[in-house]
Amino acid sequence: MKLGIIGLEQSGKTTVFNALTGADKEVGSFGKIEANLSVVNVPDPRIDWLSQLYAPNKTVYANIEFVDIPGSINDSADAKIVAVAREVEAFVFVIRSFTNPHVPHPLGDNGPIRDFESIRTGLIISDISVAEKRMERLEKIVSNGVGTPDDKLELSSLKKIMSVLEKELPASSAGLTLQEERSVRSFQFLTLKPFLTLLNTSEDNLKSEETLELLKNLPNSMAMCANIETEIRRLEESERKEFLDDLGIEELSLTPFILNAYKTLGLISFFTVGKDEVRAWTIQKEAPAVKAAGKIHSDLERGFIRAEVFSFDNIKEKGSEREIKNAGLFRLEGKDYPVQDGDILSIKFSV
Ligand SMILES: Nc1nc2c(ncn2[C@@H]2O[C@H](COP(=O)(O)OP(=O)(O)OP(=O)(O)O)[C@@H](O)[C@H]2O)c(=O)[nH]1
Ligand SMILES: [Mg+2]
């Protein structure tokens with residue numbers, strides 16, 4: 001999964017990126033136009049457990065690729081930056097809620113709700129310009145009588161999108177059908193992408209009434225204190241607890257952040273196991289088994305015959321595949337089977 005970190009200038013995007021990924025990228029480098037990249041494993045105790053049991057040659061966790069997008073894409077004249085933003089699957093909006101006398105807020109003072117709206121408006125404006133250009137082209141083609149049915153579908157999808165964008169609503173609220181969504185997929189509309197909101201607060205503000213109230217009003221949100229977390233990450237494991245206690249939190253934000261991301265984006269994990277490899281895969285909740293197969297390899301999707309399935313809970317309880325079979329918990333499922341979080345799959349196929 002690829003997540004793009006965006007927000008207003010100097011909201012602490014790079015600091016959040018460092019805090020979540022453990023990277024050590026320069027902060028406060030205003031005007032820098034290179035994006036930072038870092039991949040982190042998704043910690044999962046189930047994978048640790050399976051790896052113990054199967055003792056495979058290789059253990060592979062699911063991962064998240066973070067892209068720290070510099071400056072504000074709202075007024076980025078740099079097409080390269082907008083192109084980077086279009087490539088990600090979902091956004092993390094970083095909203096500034098810390099005070100720092102050395103780092104003025106670009107809009108004068110803190111205003112988290114205003115900043116949230118401002119980020120979203122920026123994305124909407126960018127989408128409008130993409131949609132407008134394409135609609136103009138398509139309208140010419142269609143009115144000249146040379147439009148294909150695909151052109152017509154695309155045009156009507158764009159009109160649907162435009163009608164919400166013009167009301168300053170995101171494209172995701174246009175209620176596109178799957179087919180309509182497919183017809184405009186290549187434009188990578190920014191406001192069709194799901195997002196999480198990260199409130200970057202000061203140390204003394206992390207658990208305040210004000211913060212709790214803001215979290216209620218900001219969609220898919222959580223608060224973190226990014227620059228303190230970067231500091232804590234630099235400490236030895238054994239020294240961290242004291243500082244986390246001071247902040248009133250149990251752990252660094254990465255794990256709760258990932259849980260929030262999976263929930264908001266409707267993602268689950270399934271596993272493949274064996275002597276060679278124990279591996280976690282990420283997929284959309286309720287996705288059919290054949291899609292899960294396609295995650296592993298396109299041949300498995302193409303030549304799908306059936307999925308052999310048991311759950312992590314089954315193996316945890318029974319201790320071995322043989323015992324699962326004896327207990328009648330081993331299942332054969334067809335291609336429409338909706339994969340569940342924690343399923344262990346083995347795909348039978350023929351190409
Ligand atoms: N006091 C305080 N300062 C912070 C916090 N987070 C970031 N800063 C400071 O704010 C400045 C900007 O932080 P960055 O992480 O570079 O912000 P950014 O959003 O990546 O900035 P641009 O990419 O240039 O738009 C730096 O000087 C940080 O040290 C925080 O939680 N508290
Ligand atoms: Mg930055």
# chains A, B, ... in the order shown; residues from 1 in each chain; ligands from 1
$ residues_near_ligand --ligand "ligand 1" --cutoff "10 Å" --atoms "only C-alpha atoms and all ligand atoms" --output "PDB file with N, CA and C atoms, in the first residue's frame"
ATOM      1  N   ILE A   5       1.807  11.516   2.197  1.00  0.00           N
ATOM      2  CA  ILE A   5       1.643  12.463   3.307  1.00  0.00           C
ATOM      3  C   ILE A   5       1.571  13.871   2.733  1.00  0.00           C
ATOM      4  N   ILE A   6       0.432  14.520   2.918  1.00  0.00           N
ATOM      5  CA  ILE A   6       0.283  15.870   2.386  1.00  0.00           C
ATOM      6  C   ILE A   6      -0.236  16.819   3.467  1.00  0.00           C
ATOM      7  N   GLY A   7      -0.174  18.116   3.193  1.00  0.00           N
ATOM      8  CA  GLY A   7      -0.661  19.109   4.153  1.00  0.00           C
ATOM      9  C   GLY A   7      -0.158  20.481   3.750  1.00  0.00           C
ATOM     10  N   LEU A   8      -0.446  21.464   4.572  1.00  0.00           N
ATOM     11  CA  LEU A   8       0.056  22.808   4.280  1.00  0.00           C
ATOM     12  C   LEU A   8       1.562  22.854   4.542  1.00  0.00           C
ATOM     13  N   GLU A   9       2.205  23.926   4.081  1.00  0.00           N
ATOM     14  CA  GLU A   9       3.638  24.088   4.353  1.00  0.00           C
ATOM     15  C   GLU A   9       3.870  24.102   5.856  1.00  0.00           C
ATOM     16  N   GLN A  10       4.960  23.514   6.262  1.00  0.00           N
ATOM     17  CA  GLN A  10       5.415  23.581   7.651  1.00  0.00           C
ATOM     18  C   GLN A  10       4.405  23.038   8.649  1.00  0.00           C
ATOM     19  N   SER A  11       3.640  22.061   8.225  1.00  0.00           N
ATOM     20  CA  SER A  11       2.689  21.462   9.165  1.00  0.00           C
ATOM     21  C   SER A  11       3.317  20.283   9.899  1.00  0.00           C
ATOM     22  N   GLY A  12       4.545  19.946   9.481  1.00  0.00           N
ATOM     23  CA  GLY A  12       5.246  18.846  10.138  1.00  0.00           C
ATOM     24  C   GLY A  12       5.158  17.536   9.367  1.00  0.00           C
ATOM     25  N   LYS A  13       4.958  17.615   8.047  1.00  0.00           N
ATOM     26  CA  LYS A  13       4.826  16.399   7.233  1.00  0.00           C
ATOM     27  C   LYS A  13       6.080  15.531   7.316  1.00  0.00           C
ATOM     28  N   THR A  14       7.236  16.178   7.142  1.00  0.00           N
ATOM     29  CA  THR A  14       8.482  15.410   7.162  1.00  0.00           C
ATOM     30  C   THR A  14       8.755  14.882   8.569  1.00  0.00           C
ATOM     31  N   THR A  15       8.370  15.645   9.581  1.00  0.00           N
ATOM     32  CA  THR A  15       8.528  15.184  10.968  1.00  0.00           C
ATOM     33  C   THR A  15       7.652  13.961  11.228  1.00  0.00           C
ATOM     34  N   VAL A  16       6.412  14.001  10.740  1.00  0.00           N
ATOM     35  CA  VAL A  16       5.510  12.845  10.865  1.00  0.00           C
ATOM     36  C   VAL A  16       6.095  11.640  10.118  1.00  0.00           C
ATOM     37  N   PHE A  17       6.599  11.893   8.921  1.00  0.00           N
ATOM     38  CA  PHE A  17       7.225  10.832   8.111  1.00  0.00           C
ATOM     39  C   PHE A  17       8.371  10.175   8.901  1.00  0.00           C
ATOM     40  N   ASN A  18       9.224  10.998   9.497  1.00  0.00           N
ATOM     41  CA  ASN A  18      10.338  10.457  10.300  1.00  0.00           C
ATOM     42  C   ASN A  18       9.819   9.671  11.502  1.00  0.00           C
ATOM     43  N   ALA A  19       8.795  10.241  12.163  1.00  0.00           N
ATOM     44  CA  ALA A  19       8.270   9.605  13.381  1.00  0.00           C
ATOM     45  C   ALA A  19       7.640   8.246  13.065  1.00  0.00           C
ATOM     46  N   LYS A  25      15.063  12.193   7.815  1.00  0.00           N
ATOM     47  CA  LYS A  25      15.129  13.203   6.757  1.00  0.00           C
ATOM     48  C   LYS A  25      15.137  14.598   7.369  1.00  0.00           C
ATOM     49  N   GLU A  26      15.777  15.492   6.658  1.00  0.00           N
ATOM     50  CA  GLU A  26      15.907  16.860   7.156  1.00  0.00           C
ATOM     51  C   GLU A  26      14.534  17.531   7.267  1.00  0.00           C
ATOM     52  N   VAL A  27      14.265  18.149   8.419  1.00  0.00           N
ATOM     53  CA  VAL A  27      13.011  18.896   8.566  1.00  0.00           C
ATOM     54  C   VAL A  27      13.299  20.391   8.496  1.00  0.00           C
ATOM     55  N   GLY A  28      12.230  21.155   8.331  1.00  0.00           N
ATOM     56  CA  GLY A  28      12.399  22.604   8.279  1.00  0.00           C
ATOM     57  C   GLY A  28      13.102  23.060   7.013  1.00  0.00           C
ATOM     58  N   SER A  29      13.152  22.174   6.019  1.00  0.00           N
ATOM     59  CA  SER A  29      13.848  22.547   4.774  1.00  0.00           C
ATOM     60  C   SER A  29      12.839  23.118   3.803  1.00  0.00           C
ATOM     61  N   PHE A  30      12.335  24.251   4.158  1.00  0.00           N
ATOM     62  CA  PHE A  30      11.276  24.906   3.404  1.00  0.00           C
ATOM     63  C   PHE A  30      11.698  25.114   1.948  1.00  0.00           C
ATOM     64  N   GLY A  31      10.802  24.782   1.032  1.00  0.00           N
ATOM     65  CA  GLY A  31      11.096  25.023  -0.376  1.00  0.00           C
ATOM     66  C   GLY A  31      11.728  23.829  -1.071  1.00  0.00           C
ATOM     67  N   LYS A  32      12.020  22.778  -0.299  1.00  0.00           N
ATOM     68  CA  LYS A  32      12.588  21.566  -0.893  1.00  0.00           C
ATOM     69  C   LYS A  32      11.509  20.907  -1.752  1.00  0.00           C
ATOM     70  N   ILE A  33      11.891  20.393  -2.933  1.00  0.00           N
ATOM     71  CA  ILE A  33      10.840  19.840  -3.791  1.00  0.00           C
ATOM     72  C   ILE A  33      10.991  18.350  -4.088  1.00  0.00           C
ATOM     73  N   GLU A  34      11.911  17.684  -3.414  1.00  0.00           N
ATOM     74  CA  GLU A  34      12.021  16.230  -3.589  1.00  0.00           C
ATOM     75  C   GLU A  34      11.120  15.528  -2.576  1.00  0.00           C
ATOM     76  N   ALA A  35      10.410  14.496  -3.023  1.00  0.00           N
ATOM     77  CA  ALA A  35       9.618  13.707  -2.086  1.00  0.00           C
ATOM     78  C   ALA A  35      10.521  12.694  -1.382  1.00  0.00           C
ATOM     79  N   ASN A  36      10.210  12.386  -0.124  1.00  0.00           N
ATOM     80  CA  ASN A  36      10.937  11.330   0.601  1.00  0.00           C
ATOM     81  C   ASN A  36      10.132  10.040   0.543  1.00  0.00           C
ATOM     82  N   ASP A  68       6.517  11.194   1.487  1.00  0.00           N
ATOM     83  CA  ASP A  68       6.408  12.515   2.121  1.00  0.00           C
ATOM     84  C   ASP A  68       6.459  13.562   1.019  1.00  0.00           C
ATOM     85  N   ILE A  69       5.332  14.192   0.766  1.00  0.00           N
ATOM     86  CA  ILE A  69       5.222  15.117  -0.360  1.00  0.00           C
ATOM     87  C   ILE A  69       5.479  16.540   0.144  1.00  0.00           C
ATOM     88  N   PRO A  70       6.531  17.186  -0.326  1.00  0.00           N
ATOM     89  CA  PRO A  70       6.962  18.456   0.265  1.00  0.00           C
ATOM     90  C   PRO A  70       6.045  19.631  -0.058  1.00  0.00           C
ATOM     91  N   GLY A  71       6.095  20.655   0.786  1.00  0.00           N
ATOM     92  CA  GLY A  71       5.334  21.888   0.555  1.00  0.00           C
ATOM     93  C   GLY A  71       3.850  21.602   0.608  1.00  0.00           C
ATOM     94  N   SER A  72       3.101  22.449  -0.102  1.00  0.00           N
ATOM     95  CA  SER A  72       1.662  22.272  -0.139  1.00  0.00           C
ATOM     96  C   SER A  72       1.279  21.996  -1.573  1.00  0.00           C
ATOM     97  N   ILE A  73       0.652  20.816  -1.837  1.00  0.00           N
ATOM     98  CA  ILE A  73       0.307  20.570  -3.242  1.00  0.00           C
ATOM     99  C   ILE A  73      -0.809  21.501  -3.698  1.00  0.00           C
ATOM    100  N   VAL A  94      -1.717  15.833   7.066  1.00  0.00           N
ATOM    101  CA  VAL A  94      -1.102  16.283   8.315  1.00  0.00           C
ATOM    102  C   VAL A  94      -1.621  17.676   8.629  1.00  0.00           C
ATOM    103  N   ILE A  95      -2.208  17.812   9.822  1.00  0.00           N
ATOM    104  CA  ILE A  95      -2.797  19.080  10.230  1.00  0.00           C
ATOM    105  C   ILE A  95      -2.023  19.609  11.420  1.00  0.00           C
ATOM    106  N   ARG A  96      -1.591  20.842  11.302  1.00  0.00           N
ATOM    107  CA  ARG A  96      -0.767  21.418  12.349  1.00  0.00           C
ATOM    108  C   ARG A  96      -1.584  21.854  13.551  1.00  0.00           C
ATOM    109  N   SER A  97      -1.158  21.363  14.723  1.00  0.00           N
ATOM    110  CA  SER A  97      -1.806  21.810  15.946  1.00  0.00           C
ATOM    111  C   SER A  97      -0.754  22.019  17.024  1.00  0.00           C
ATOM    112  N   PHE A  98       0.503  22.216  16.589  1.00  0.00           N
ATOM    113  CA  PHE A  98       1.575  22.540  17.537  1.00  0.00           C
ATOM    114  C   PHE A  98       1.895  24.021  17.424  1.00  0.00           C
ATOM    115  N   THR A  99       2.453  24.562  18.477  1.00  0.00           N
ATOM    116  CA  THR A  99       2.921  25.938  18.370  1.00  0.00           C
ATOM    117  C   THR A  99       4.438  25.934  18.449  1.00  0.00           C
ATOM    118  N   ASN A 100       5.037  26.738  17.638  1.00  0.00           N
ATOM    119  CA  ASN A 100       6.485  26.841  17.622  1.00  0.00           C
ATOM    120  C   ASN A 100       6.817  28.251  17.139  1.00  0.00           C
ATOM    121  N   PRO A 101       7.304  29.087  18.081  1.00  0.00           N
ATOM    122  CA  PRO A 101       7.531  30.496  17.745  1.00  0.00           C
ATOM    123  C   PRO A 101       8.531  30.686  16.594  1.00  0.00           C
ATOM    124  N   HIS A 102       9.361  29.656  16.361  1.00  0.00           N
ATOM    125  CA  HIS A 102      10.348  29.796  15.286  1.00  0.00           C
ATOM    126  C   HIS A 102       9.803  29.395  13.925  1.00  0.00           C
ATOM    127  N   VAL A 103       8.619  28.776  13.956  1.00  0.00           N
ATOM    128  CA  VAL A 103       8.050  28.278  12.697  1.00  0.00           C
ATOM    129  C   VAL A 103       6.648  28.849  12.523  1.00  0.00           C
ATOM    130  N   PRO A 104       6.545  30.003  11.850  1.00  0.00           N
ATOM    131  CA  PRO A 104       5.215  30.597  11.698  1.00  0.00           C
ATOM    132  C   PRO A 104       4.303  29.732  10.826  1.00  0.00           C
ATOM    133  N   HIS A 105       3.023  29.747  11.171  1.00  0.00           N
ATOM    134  CA  HIS A 105       2.021  29.049  10.353  1.00  0.00           C
ATOM    135  C   HIS A 105       1.818  29.849   9.066  1.00  0.00           C
ATOM    136  N   PRO A 106       1.775  29.190   7.909  1.00  0.00           N
ATOM    137  CA  PRO A 106       1.648  29.947   6.649  1.00  0.00           C
ATOM    138  C   PRO A 106       0.367  30.785   6.564  1.00  0.00           C
ATOM    139  N   LEU A 199      -3.471  14.748  13.321  1.00  0.00           N
ATOM    140  CA  LEU A 199      -3.322  16.029  13.983  1.00  0.00           C
ATOM    141  C   LEU A 199      -1.967  16.031  14.680  1.00  0.00           C
ATOM    142  N   ASN A 200      -1.085  16.933  14.241  1.00  0.00           N
ATOM    143  CA  ASN A 200       0.267  16.983  14.808  1.00  0.00           C
ATOM    144  C   ASN A 200       0.291  18.010  15.942  1.00  0.00           C
ATOM    145  N   THR A 201       0.195  17.513  17.175  1.00  0.00           N
ATOM    146  CA  THR A 201       0.019  18.429  18.314  1.00  0.00           C
ATOM    147  C   THR A 201       1.305  18.650  19.098  1.00  0.00           C
ATOM    148  N   SER A 202       1.261  19.648  19.960  1.00  0.00           N
ATOM    149  CA  SER A 202       2.326  19.839  20.939  1.00  0.00           C
ATOM    150  C   SER A 202       2.173  18.800  22.038  1.00  0.00           C
ATOM    151  N   GLU A 203       3.267  18.647  22.795  1.00  0.00           N
ATOM    152  CA  GLU A 203       3.316  17.657  23.865  1.00  0.00           C
ATOM    153  C   GLU A 203       2.192  17.841  24.893  1.00  0.00           C
ATOM    154  N   LEU A 206      -1.642  16.929  23.536  1.00  0.00           N
ATOM    155  CA  LEU A 206      -1.989  15.643  22.922  1.00  0.00           C
ATOM    156  C   LEU A 206      -3.329  15.104  23.396  1.00  0.00           C
ATOM    157  N   MET A 224      -1.031  12.862  17.123  1.00  0.00           N
ATOM    158  CA  MET A 224       0.284  12.423  17.569  1.00  0.00           C
ATOM    159  C   MET A 224       1.168  13.632  17.781  1.00  0.00           C
ATOM    160  N   CYS A 225       2.231  13.384  18.501  1.00  0.00           N
ATOM    161  CA  CYS A 225       3.151  14.463  18.792  1.00  0.00           C
ATOM    162  C   CYS A 225       4.438  14.108  18.054  1.00  0.00           C
ATOM    163  N   ALA A 226       4.481  14.538  16.792  1.00  0.00           N
ATOM    164  CA  ALA A 226       5.480  13.969  15.881  1.00  0.00           C
ATOM    165  C   ALA A 226       6.925  14.253  16.290  1.00  0.00           C
ATOM    166  N   ASN A 227       7.218  15.477  16.717  1.00  0.00           N
ATOM    167  CA  ASN A 227       8.647  15.695  16.951  1.00  0.00           C
ATOM    168  C   ASN A 227       9.155  15.020  18.223  1.00  0.00           C
ATOM    169  N   ILE A 228       8.280  14.862  19.222  1.00  0.00           N
ATOM    170  CA  ILE A 228       8.708  14.098  20.407  1.00  0.00           C
ATOM    171  C   ILE A 228       8.890  12.619  20.039  1.00  0.00           C
ATOM    172  N   GLU A 229       7.994  12.111  19.195  1.00  0.00           N
ATOM    173  CA  GLU A 229       8.126  10.698  18.814  1.00  0.00           C
ATOM    174  C   GLU A 229       9.404  10.429  18.023  1.00  0.00           C
ATOM    175  N   THR A 230       9.811  11.411  17.227  1.00  0.00           N
ATOM    176  CA  THR A 230      11.089  11.231  16.503  1.00  0.00           C
ATOM    177  C   THR A 230      12.230  11.105  17.504  1.00  0.00           C
TER     178      THR A 230
END
$ residues_around --residues "A:Asp336" --least-positions-apart "2" --cutoff "7 Å" --atoms "only C-alpha atoms" --output "PyMOL selection string"
chain A and resi 288-290+334+338
$ residues_around --residues "stretch 311-325 of chain A" --least-positions-apart "6" --cutoff "7 Å" --atoms "only C-alpha atoms" --output "list in words"
Gly342, Asp343 and Ile344 of chain A
$ closest_atom_pairs --of "stretch 183-296 of chain A" --to "stretch 149-169 of chain A" --cutoff "10 Å" --atoms "only C-alpha atoms" --output "Markdown table"
| residue | atom | partner | partner_atom | distance |
| --- | --- | --- | --- | --- |
| A:Ser183 | CA | A:Glu154 | CA | 5.3 |
| A:Val184 | CA | A:Glu154 | CA | 6.3 |
| A:Arg185 | CA | A:Glu154 | CA | 9.8 |
| A:Phe189 | CA | A:Ile161 | CA | 9.7 |
| A:Thr191 | CA | A:Leu169 | CA | 8.6 |
| A:Leu192 | CA | A:Ile161 | CA | 9.5 |
$ write_last_selection --atoms "C-alpha atoms" --output "mmCIF file, in the first residue's frame"
data_model
loop_
_atom_site.group_PDB
_atom_site.id
_atom_site.type_symbol
_atom_site.label_atom_id
_atom_site.label_comp_id
_atom_site.auth_asym_id
_atom_site.auth_seq_id
_atom_site.Cartn_x
_atom_site.Cartn_y
_atom_site.Cartn_z
ATOM 1 C CA SER A 183 -13.930 4.673 -16.869
ATOM 2 C CA VAL A 184 -12.100 7.533 -15.116
ATOM 3 C CA ARG A 185 -9.476 5.526 -13.225
ATOM 4 C CA PHE A 189 -8.516 11.971 -9.195
ATOM 5 C CA THR A 191 -10.487 13.428 -4.202
ATOM 6 C CA LEU A 192 -11.460 9.879 -5.133
#
$ residues_around --residues "A:Phe195" --least-positions-apart "3" --cutoff "6 Å" --atoms "only C-alpha atoms" --output "ChimeraX atom specification"
/A:90-92
$ closest_residue --among "A:Phe349, A:Leu50, A:Glu117, A:Gly108" --to "A:Asn217" --atoms "only C-alpha atoms"
A:Glu117
$ closest_residue --among "A:Asp24, A:Glu308, A:Glu132, A:Gly274" --to "ligand 2" --atoms "only C-alpha atoms and all ligand atoms"
A:Asp24
$ residues_around --residues "A:Arg279" --least-positions-apart "4" --cutoff "9 Å" --atoms "only C-alpha atoms" --output "list of chain:residue names"
A:Ile47, A:Ser51, A:Lys58, A:Thr59, A:Val60, A:Tyr61, A:Ala62, A:Phe270, A:Phe271, A:Thr272, A:Val273
$ select_by_dssp --residues "stretch 58-139 of chain A" --states "strand (DSSP E)" --output "list in words"
Lys58, Thr59, Val60, Asn63, Ile64, Glu65, Phe66, Val67, Asp68, Ala90, Phe91, Val92, Phe93, Val94, Ile95, Arg96 and Ser97 of chain A
$ write_last_selection --atoms "C-alpha atoms" --output "PDB file, in the first residue's frame"
ATOM      1  CA  LYS A  58      11.671 -16.421   4.420  1.00  0.00           C
ATOM      2  CA  THR A  59       9.134 -14.407   6.430  1.00  0.00           C
ATOM      3  CA  VAL A  60       7.514 -11.508   4.636  1.00  0.00           C
ATOM      4  CA  ASN A  63       4.255  -3.256   4.084  1.00  0.00           C
ATOM      5  CA  ILE A  64       3.303   0.349   3.667  1.00  0.00           C
ATOM      6  CA  GLU A  65       5.194   2.723   1.446  1.00  0.00           C
ATOM      7  CA  PHE A  66       5.130   6.260   2.806  1.00  0.00           C
ATOM      8  CA  VAL A  67       5.691   9.170   0.445  1.00  0.00           C
ATOM      9  CA  ASP A  68       6.408  12.515   2.121  1.00  0.00           C
ATOM     10  CA  ALA A  90      -4.541   7.064  -0.154  1.00  0.00           C
ATOM     11  CA  PHE A  91      -3.521  10.237   1.657  1.00  0.00           C
ATOM     12  CA  VAL A  92      -2.485  11.165   5.143  1.00  0.00           C
ATOM     13  CA  PHE A  93      -3.496  14.776   5.774  1.00  0.00           C
ATOM     14  CA  VAL A  94      -1.102  16.283   8.315  1.00  0.00           C
ATOM     15  CA  ILE A  95      -2.797  19.080  10.230  1.00  0.00           C
ATOM     16  CA  ARG A  96      -0.767  21.418  12.349  1.00  0.00           C
ATOM     17  CA  SER A  97      -1.806  21.810  15.946  1.00  0.00           C
TER      18      SER A  97
END
$ residues_around --residues "A:Leu300" --least-positions-apart "3" --cutoff "8 Å" --atoms "only C-alpha atoms" --output "count of residues only"
11
$ atom_distance --atom1 "atom CA of A:Leu198" --atom2 "atom CA of A:Ser221"
5.7 Å
$ closest_residue --among "A:Ile283, A:Leu332, A:Val339, A:Met222" --to "A:Met1" --atoms "only C-alpha atoms"
A:Ile283
$ residues_around --residues "A:Leu267" --least-positions-apart "6" --cutoff "7 Å" --atoms "only C-alpha atoms" --output "mmCIF file with N, CA and C atoms, in the first residue's frame"
data_model
loop_
_atom_site.group_PDB
_atom_site.id
_atom_site.type_symbol
_atom_site.label_atom_id
_atom_site.label_comp_id
_atom_site.auth_asym_id
_atom_site.auth_seq_id
_atom_site.Cartn_x
_atom_site.Cartn_y
_atom_site.Cartn_z
ATOM 1 N N THR A 282 -2.074 -7.911 1.827
ATOM 2 C CA THR A 282 -3.128 -6.958 2.153
ATOM 3 C C THR A 282 -4.148 -6.942 1.029
ATOM 4 N N ILE A 283 -5.410 -6.940 1.406
ATOM 5 C CA ILE A 283 -6.454 -6.939 0.371
ATOM 6 C C ILE A 283 -7.687 -6.228 0.913
ATOM 7 N N GLN A 284 -8.531 -5.774 0.005
ATOM 8 C CA GLN A 284 -9.789 -5.139 0.375
ATOM 9 C C GLN A 284 -10.684 -6.160 1.081
ATOM 10 N N LYS A 285 -11.322 -5.719 2.172
ATOM 11 C CA LYS A 285 -12.257 -6.560 2.913
ATOM 12 C C LYS A 285 -13.298 -7.179 1.980
#
